[in-house]
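Beneath this line is the structure, given in structure tokens, with notes to follow.
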Amino acid sequence: CEENSICSTEFIVLKFIDKKYEKLINYFTALFHLKEFNQYMTSNVTGTSSSHQRVRTEDVLEFEFSVFSGKEMLKIAHRINKISELING
């Protein structure tokens with residue numbers, strides 16, 4: 001477990017393979033909040049009770065996002081970052 005991390009088998013950890021994409025964290029966070037992604041995750045839940053429902057890692061990785069070019073992602077990330085700064089002060 002890395003410093004300042006939460007470690008548990010309850011979570012699926014997604015990390016950037018290439019550090020250059022770390023500045024796009026808010027862009028990717030926004031993708032994970034899309035209604036389509038959440039509906040997909042809900043439809044792939046397994047488990048017997050509300051406290052033991054899980055989504056398999058394979059199912060998470062199979063979801064396909066429409067991804068823009070690197071330049072466009074940077075523009076969108078910049079706008080998201082500005083909005084986030086306004087919201088969070």
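Naming scheme: A, B, ... for chains in displayed order of the structure tokens; residues 1 onward per chain; ligands 1 onward as shown.
Of all the residues in chain A, the ones DSSP labels as strand (DSSP E) from the backbone are Val45, Thr46, Arg54 and Val55 of chain A.
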Distance query range 53-60 of chain A at most 7 Å, only C-alpha atoms, self and fewer than 6 positions along chain excluded, as number ranges by chain: A: 12, 41, 44-47
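Closest approach to Glu10 in chain A from the set A:Lys23, A:Phe28, A:Asn38, A:His52 is made by A:His52, with distances taken over only C-alpha atoms.
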Residues near Leu31 in chain A, cut-off 12 Å, only C-alpha atoms, skip fewer than 4 positions along chain, as a ChimeraX atom specification: /A:24-27,35-38,63-68,73,76-77,80
Restrict the selected residues to N, CA and C atoms and save them as a PDB file, in the first residue's frame.
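Listed below is the output, out34.pdb:
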ATOM      1  N   LEU A  24      -4.823  14.885 -15.816  1.00  0.00           N
ATOM      2  CA  LEU A  24      -6.180  14.716 -16.332  1.00  0.00           C
ATOM      3  C   LEU A  24      -7.103  14.044 -15.313  1.00  0.00           C
ATOM      4  N   ILE A  25      -6.686  13.983 -14.055  1.00  0.00           N
ATOM      5  CA  ILE A  25      -7.450  13.257 -13.046  1.00  0.00           C
ATOM      6  C   ILE A  25      -8.900  13.739 -12.958  1.00  0.00           C
ATOM      7  N   ASN A  26      -9.129  15.048 -13.021  1.00  0.00           N
ATOM      8  CA  ASN A  26     -10.502  15.554 -12.946  1.00  0.00           C
ATOM      9  C   ASN A  26     -11.313  15.172 -14.178  1.00  0.00           C
ATOM     10  N   TYR A  27     -10.660  15.081 -15.316  1.00  0.00           N
ATOM     11  CA  TYR A  27     -11.336  14.644 -16.547  1.00  0.00           C
ATOM     12  C   TYR A  27     -11.838  13.212 -16.371  1.00  0.00           C
ATOM     13  N   LYS A  35     -23.773   9.252 -16.173  1.00  0.00           N
ATOM     14  CA  LYS A  35     -24.949   8.409 -15.926  1.00  0.00           C
ATOM     15  C   LYS A  35     -24.785   7.035 -16.584  1.00  0.00           C
ATOM     16  N   GLU A  36     -24.244   7.010 -17.795  1.00  0.00           N
ATOM     17  CA  GLU A  36     -24.075   5.750 -18.519  1.00  0.00           C
ATOM     18  C   GLU A  36     -23.124   4.800 -17.783  1.00  0.00           C
ATOM     19  N   PHE A  37     -22.047   5.339 -17.230  1.00  0.00           N
ATOM     20  CA  PHE A  37     -21.101   4.517 -16.489  1.00  0.00           C
ATOM     21  C   PHE A  37     -21.751   3.961 -15.233  1.00  0.00           C
ATOM     22  N   ASN A  38     -22.464   4.807 -14.508  1.00  0.00           N
ATOM     23  CA  ASN A  38     -23.123   4.359 -13.280  1.00  0.00           C
ATOM     24  C   ASN A  38     -24.211   3.330 -13.558  1.00  0.00           C
ATOM     25  N   PHE A  63     -15.969  -1.389 -19.760  1.00  0.00           N
ATOM     26  CA  PHE A  63     -16.769  -0.226 -20.146  1.00  0.00           C
ATOM     27  C   PHE A  63     -15.951   0.643 -21.095  1.00  0.00           C
ATOM     28  N   GLU A  64     -16.580   1.061 -22.182  1.00  0.00           N
ATOM     29  CA  GLU A  64     -15.880   1.875 -23.172  1.00  0.00           C
ATOM     30  C   GLU A  64     -16.346   3.322 -23.107  1.00  0.00           C
ATOM     31  N   PHE A  65     -15.392   4.214 -22.853  1.00  0.00           N
ATOM     32  CA  PHE A  65     -15.654   5.644 -22.872  1.00  0.00           C
ATOM     33  C   PHE A  65     -15.306   6.176 -24.248  1.00  0.00           C
ATOM     34  N   SER A  66     -16.015   7.223 -24.661  1.00  0.00           N
ATOM     35  CA  SER A  66     -15.596   7.972 -25.840  1.00  0.00           C
ATOM     36  C   SER A  66     -14.490   8.905 -25.357  1.00  0.00           C
ATOM     37  N   VAL A  67     -13.309   8.756 -25.918  1.00  0.00           N
ATOM     38  CA  VAL A  67     -12.167   9.537 -25.464  1.00  0.00           C
ATOM     39  C   VAL A  67     -11.725  10.474 -26.582  1.00  0.00           C
ATOM     40  N   PHE A  68     -11.474  11.701 -26.193  1.00  0.00           N
ATOM     41  CA  PHE A  68     -11.010  12.708 -27.140  1.00  0.00           C
ATOM     42  C   PHE A  68      -9.501  12.583 -27.334  1.00  0.00           C
ATOM     43  N   MET A  73      -8.541  16.472 -24.501  1.00  0.00           N
ATOM     44  CA  MET A  73      -8.678  16.085 -23.097  1.00  0.00           C
ATOM     45  C   MET A  73      -8.052  17.139 -22.194  1.00  0.00           C
ATOM     46  N   ILE A  76     -10.436  20.109 -21.956  1.00  0.00           N
ATOM     47  CA  ILE A  76     -11.580  19.774 -21.098  1.00  0.00           C
ATOM     48  C   ILE A  76     -11.138  19.705 -19.641  1.00  0.00           C
ATOM     49  N   ALA A  77     -10.002  19.072 -19.386  1.00  0.00           N
ATOM     50  CA  ALA A  77      -9.489  18.968 -18.015  1.00  0.00           C
ATOM     51  C   ALA A  77      -9.237  20.351 -17.433  1.00  0.00           C
ATOM     52  N   ILE A  80     -12.572  21.765 -16.455  1.00  0.00           N
ATOM     53  CA  ILE A  80     -13.069  21.085 -15.256  1.00  0.00           C
ATOM     54  C   ILE A  80     -12.306  21.559 -14.030  1.00  0.00           C
TER      55      ILE A  80
END
Which of chain A fall in alpha helix (DSSP H), as an MDAnalysis selection string: chainID A and resid 25:32 35:43 57:62 70:88
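Interatomic distance, CA of Val13 in chain A to CA of Gly89 in chain A: 28.2 Å.
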Shortest interatomic distance to Ala30 in chain A - which of A:Thr42, A:Asn88, A:Thr48, A:Asn81, counting only C-alpha atoms: A:Asn81
